[in-house]
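Taking it in order: structure first as structure tokens, then the write-up.
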Amino acid sequence: MQTRTRFAPSPTGYLHIGGLRTALYNWLIAKKNNGSFVLRIEDTDRSRFVPGAIENLIKIFKIFGLEPDEGPVLNEKEEIVEKGDNGPYIQSKKLDVYREAAKQLVKNGHAYYCFCSSEELELNKAEQIKNGEAPRYNRRCRDLDNREAQKRIEAGELYVIRLKVPLQGKIKFNDLIRGEVEFDYSLLDDQVLLKSDGWPTYHLAVVVDDHHMKITHVLRAEEWLPSTPKHIYLYRAFGWELPQFGHLPLLLNPDRSKLSKRHADVAVEDYLKKGYLIETIINFIALLGWNPGTDQEIFSLQELIREFSIEKIQKAGAVLDVKKLDWLNSCYIKKKNLDELTSLILPFLKESNLTDNITDEKLLLKIKKIVALSQDRLKRLNEIGEIASMFFNPKLDYSSDLLVWKNETKDSVIKNLENIKKLIKTINNRDFDKQHLNEKIVDLTAEAGNGPILWPLRVALSGEKNSPPPLEIADILGKDETLLRINKAVGKLK
RNA sequence: GGCGCCUUCGUCUAACGGUUAGGACUCCAGGUUUUCAACCUGGCAACAAGGGUUCGACUCCCUUAGGCGCUACCA
């Protein structure tokens, strides 16, 4: 049987980083087994629907290279269209299917109409809590006569359809990740399957769709584990074959609570905005809850397909450590070739308002040099502004004391800077680069030492205590600007 | 409260009864560098607790504790 996995988000705005991991794992399993990965949109809660969220979801999967084999995609006009033969893949488009399914369950005795109002339910719940009981539906309508129910419906009464879970017995199933799990039927609630507005709840829709879409592996977050017995009961009630279930460990905040906005970034977009590379994010989340059992830390998508296995998925939740994310990102940044890195960095440069007209050839060359200089220093692309500001928008408001190296005096610093100036002037504009500069400056440092020469030069050019090497900066600055900044330094000292 | 899941360095994790409990990130120290970063070398740091089973338990069983999740006409 062909392996078919799916990811089924709700279009409530952004994509959660944990959701991306769930999607990745599902995608990997499909690819590894030459199967299909299905994207399905679970938009049965109208109140939480966010316009544009589906489009956004589709785009993100495209960006990450996790495009579904079936599901909604965007056409040239950016409209949502369906791809695949097992649709519709957007639940709101097939409400009649769920209604039909719910009615079928009523007919075969596995579900029933319920006319209790939400006020009634609230009251009932409050009382149960007061009495220290587990809050549950009191099953008032469970044994209502079918003909009477029919009459009330025709009279226009609002109703829901509830699952008629067995009063006793146990349900056991084998979770792909957790092994054998057992629940007691008597503790299960008579879950609403069809809401009074005629829309299905998650529990109904997920079962109907996973069956219709021929899903073989349901890999989802751990929070769904407690409702799996209801789902399994539904499969049985319909007489359908069960898929395999696997419940993934949660992503956690540093305090080990469920990952939330208050503690960390949760939206995938947030990570992109900070300048984490696609490869980094994929690699990182793959390893949060799974590992191949070797010491390998860096994985391409292709390697992940090869190595991934459900057996090695972790049971316990995983804290998302930003420091390690940064480290991984720096690894990928170092591996990029200059052109690609430059084009990735351009948007971040624009964002820091340092430069806008990047069509200029000369400017692009300058930017490339800055990128080259930054490549080993960046943990995130959005850090580029800090380094680039030295070139585009220098503050140079350092105190003159900073120019003085160790035991040197201001006078000797002035002398050294003047010497550097003289030497720079002997280089013609066209030849002004770090190699030529280095050839010349060697004589100076040989005589006076590295520190007394290079330290004041560096401060003069960068204005900072810490910065990239001075000759690198000078190279990018060019001869005129370099001389200008040295003059400024000398002026400060006088 | 009830039910369920989980538990190896601070974090991500390896170990599938016999290891000085390994790796990575972080942190610290040294080296390199005029400075910073990067890089190199080294170091600190863990089997939640208590019972069993066994010649031998991180590994198997039980109990306890703690953490988390679910307990909606939300997913």
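Please note that chains go A, B, ... in the order of the structure tokens, that every chain numbers its residues from 1, and that ligands are numbered from 1 in the order shown.
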
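What chain B places within 9 Å of chain A, counting only C-alpha atoms (C1' of nucleotides), is G1, G2, C3, G4, C5, C6, U7, U11, C12, U13, A14, G23, A24, C25, U26, U34, U35, C36, A37, A38, G67, C68, G69, C70, U71, C73, C74 and A75 of chain B.
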
If we count only C-alpha atoms (C1' of nucleotides), what is near A:Leu234 at a cut-off of 10 Å, once residues fewer than 5 positions away on the same chain are taken out, given as an mmCIF file with C-alpha atoms, in the first residue's frame?
data_model
loop_
_atom_site.group_PDB
_atom_site.id
_atom_site.type_symbol
_atom_site.label_atom_id
_atom_site.label_comp_id
_atom_site.auth_asym_id
_atom_site.auth_seq_id
_atom_site.Cartn_x
_atom_site.Cartn_y
_atom_site.Cartn_z
ATOM 1 C CA LEU A 105 -23.790 7.362 12.260
ATOM 2 C CA HIS A 110 -23.315 5.273 16.854
ATOM 3 C CA ALA A 111 -24.445 8.854 17.217
ATOM 4 C CA LEU A 163 -20.956 10.432 19.301
ATOM 5 C CA LYS A 164 -22.511 7.613 21.291
ATOM 6 C CA VAL A 165 -19.418 6.244 22.996
ATOM 7 C CA LEU A 193 -19.509 15.663 15.807
ATOM 8 C CA HIS A 203 -13.106 15.001 15.375
ATOM 9 C CA LEU A 204 -15.596 14.161 12.682
ATOM 10 C CA VAL A 207 -11.656 10.985 10.515
ATOM 11 C CA VAL A 208 -13.787 11.424 7.425
ATOM 12 C CA THR A 228 -7.478 9.429 19.533
ATOM 13 C CA PRO A 229 -9.785 6.883 21.189
ATOM 14 C CA GLY A 239 -16.520 0.381 9.373
ATOM 15 C CA TRP A 240 -13.328 1.905 8.017
ATOM 16 C CA LEU A 242 -7.584 2.407 10.729
#

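Atom CA of A:Thr280 is found 6.6 Å from atom CA of A:Tyr332.
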
What lies within 12 Å of B:G18 using only C-alpha atoms (C1' of nucleotides), ignoring chain neighbours under 2 positions off, as a PyMOL selection string? chain B and resi 55-57+59

Selection export as a PDB file, in the first residue's frame, atoms kept: N, CA and C atoms (P, O5', C5', C4', C3', O3' and C1' of nucleotides):
ATOM      1  P     C B  55      21.506 -14.367  39.097  1.00  0.00           P
ATOM      2  O5'   C B  55      22.791 -13.444  39.299  1.00  0.00           O
ATOM      3  C5'   C B  55      23.594 -13.592  40.478  1.00  0.00           C
ATOM      4  C4'   C B  55      24.890 -12.837  40.291  1.00  0.00           C
ATOM      5  C3'   C B  55      24.726 -11.381  39.865  1.00  0.00           C
ATOM      6  O3'   C B  55      24.515 -10.539  40.989  1.00  0.00           O
ATOM      7  C1'   C B  55      26.342 -12.416  38.486  1.00  0.00           C
ATOM      8  P     G B  56      23.414  -9.433  40.920  1.00  0.00           P
ATOM      9  O5'   G B  56      23.985  -8.453  39.815  1.00  0.00           O
ATOM     10  C5'   G B  56      25.065  -7.569  40.128  1.00  0.00           C
ATOM     11  C4'   G B  56      25.573  -6.891  38.882  1.00  0.00           C
ATOM     12  C3'   G B  56      24.548  -6.028  38.160  1.00  0.00           C
ATOM     13  O3'   G B  56      24.453  -4.746  38.743  1.00  0.00           O
ATOM     14  C1'   G B  56      25.673  -7.379  36.594  1.00  0.00           C
ATOM     15  P     A B  57      23.084  -4.315  39.354  1.00  0.00           P
ATOM     16  O5'   A B  57      23.236  -2.725  39.255  1.00  0.00           O
ATOM     17  C5'   A B  57      22.136  -2.003  38.777  1.00  0.00           C
ATOM     18  C4'   A B  57      22.435  -1.519  37.369  1.00  0.00           C
ATOM     19  C3'   A B  57      21.472  -0.388  37.024  1.00  0.00           C
ATOM     20  O3'   A B  57      22.063   0.903  37.062  1.00  0.00           O
ATOM     21  C1'   A B  57      21.275  -2.280  35.489  1.00  0.00           C
ATOM     22  P     U B  59      17.640   1.655  34.546  1.00  0.00           P
ATOM     23  O5'   U B  59      17.162   1.909  33.068  1.00  0.00           O
ATOM     24  C5'   U B  59      16.388   0.939  32.385  1.00  0.00           C
ATOM     25  C4'   U B  59      16.788   0.891  30.933  1.00  0.00           C
ATOM     26  C3'   U B  59      16.484  -0.463  30.307  1.00  0.00           C
ATOM     27  O3'   U B  59      15.682  -0.310  29.159  1.00  0.00           O
ATOM     28  C1'   U B  59      18.781   0.173  29.965  1.00  0.00           C
TER      29        U B  59
END

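Separating atom CA of A:Ser300 from atom CA of A:Ile387 is a distance of 29.1 Å.
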
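Restricting the calculation to only C-alpha atoms (C1' of nucleotides), the smallest distance between B:C28 and any of B:A15, B:A45, B:C40, B:C58 is found for B:A45.
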
Give me the residues near stretch 265-267 of chain A as a list in words, where near means some atom within 12 Å (using only C-alpha atoms (C1' of nucleotides)) and where sequence neighbours in that chain fewer than 6 positions away do not count. Thr12, Gly13, Tyr14, Leu15, His16, Ile17, Gly18, Gly19, Leu20, Arg21, Asn56, Leu57, Ile60, Leu251, Leu252, Asn253, Lys258, Leu259, Lys273, Lys274, Ile281, Leu320, Asp321 and Val322 of chain A

Give me the residues near A:Asn337 as a PDB file with C-alpha atoms, in the first residue's frame, where near means some atom within 12 Å (using only C-alpha atoms (C1' of nucleotides)) and where sequence neighbours in that chain fewer than 3 positions away do not count.
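Final output, saved to out_19.pdb:
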ATOM      1  CA  TYR A 332      24.987  27.499   6.987  1.00  0.00           C
ATOM      2  CA  ILE A 333      25.916  31.133   6.453  1.00  0.00           C
ATOM      3  CA  LYS A 334      29.586  30.169   6.264  1.00  0.00           C
ATOM      4  CA  GLU A 340      23.934  33.821  -2.955  1.00  0.00           C
ATOM      5  CA  LEU A 341      24.652  35.174   0.482  1.00  0.00           C
ATOM      6  CA  THR A 342      24.670  38.710  -0.874  1.00  0.00           C
ATOM      7  CA  SER A 343      21.289  38.344  -2.464  1.00  0.00           C
ATOM      8  CA  LEU A 344      19.935  36.841   0.742  1.00  0.00           C
ATOM      9  CA  LYS A 368      29.620  42.204  -1.659  1.00  0.00           C
ATOM     10  CA  VAL A 371      29.128  40.576   3.020  1.00  0.00           C
ATOM     11  CA  ALA A 372      32.408  38.738   2.539  1.00  0.00           C
ATOM     12  CA  GLN A 375      30.263  35.989   6.508  1.00  0.00           C
TER      13      GLN A 375
END

Which is closer to B:A21 than all the others in B:U54, B:U8, B:U33, B:U63, using only C-alpha atoms (C1' of nucleotides)? B:U8

Could you give me the residues within stretch 29-203 of chain A that DSSP places in alpha helix (DSSP H), as a ChimeraX atom specification? /A:29-32,53-63,95-107,118-130,146-154,202-203
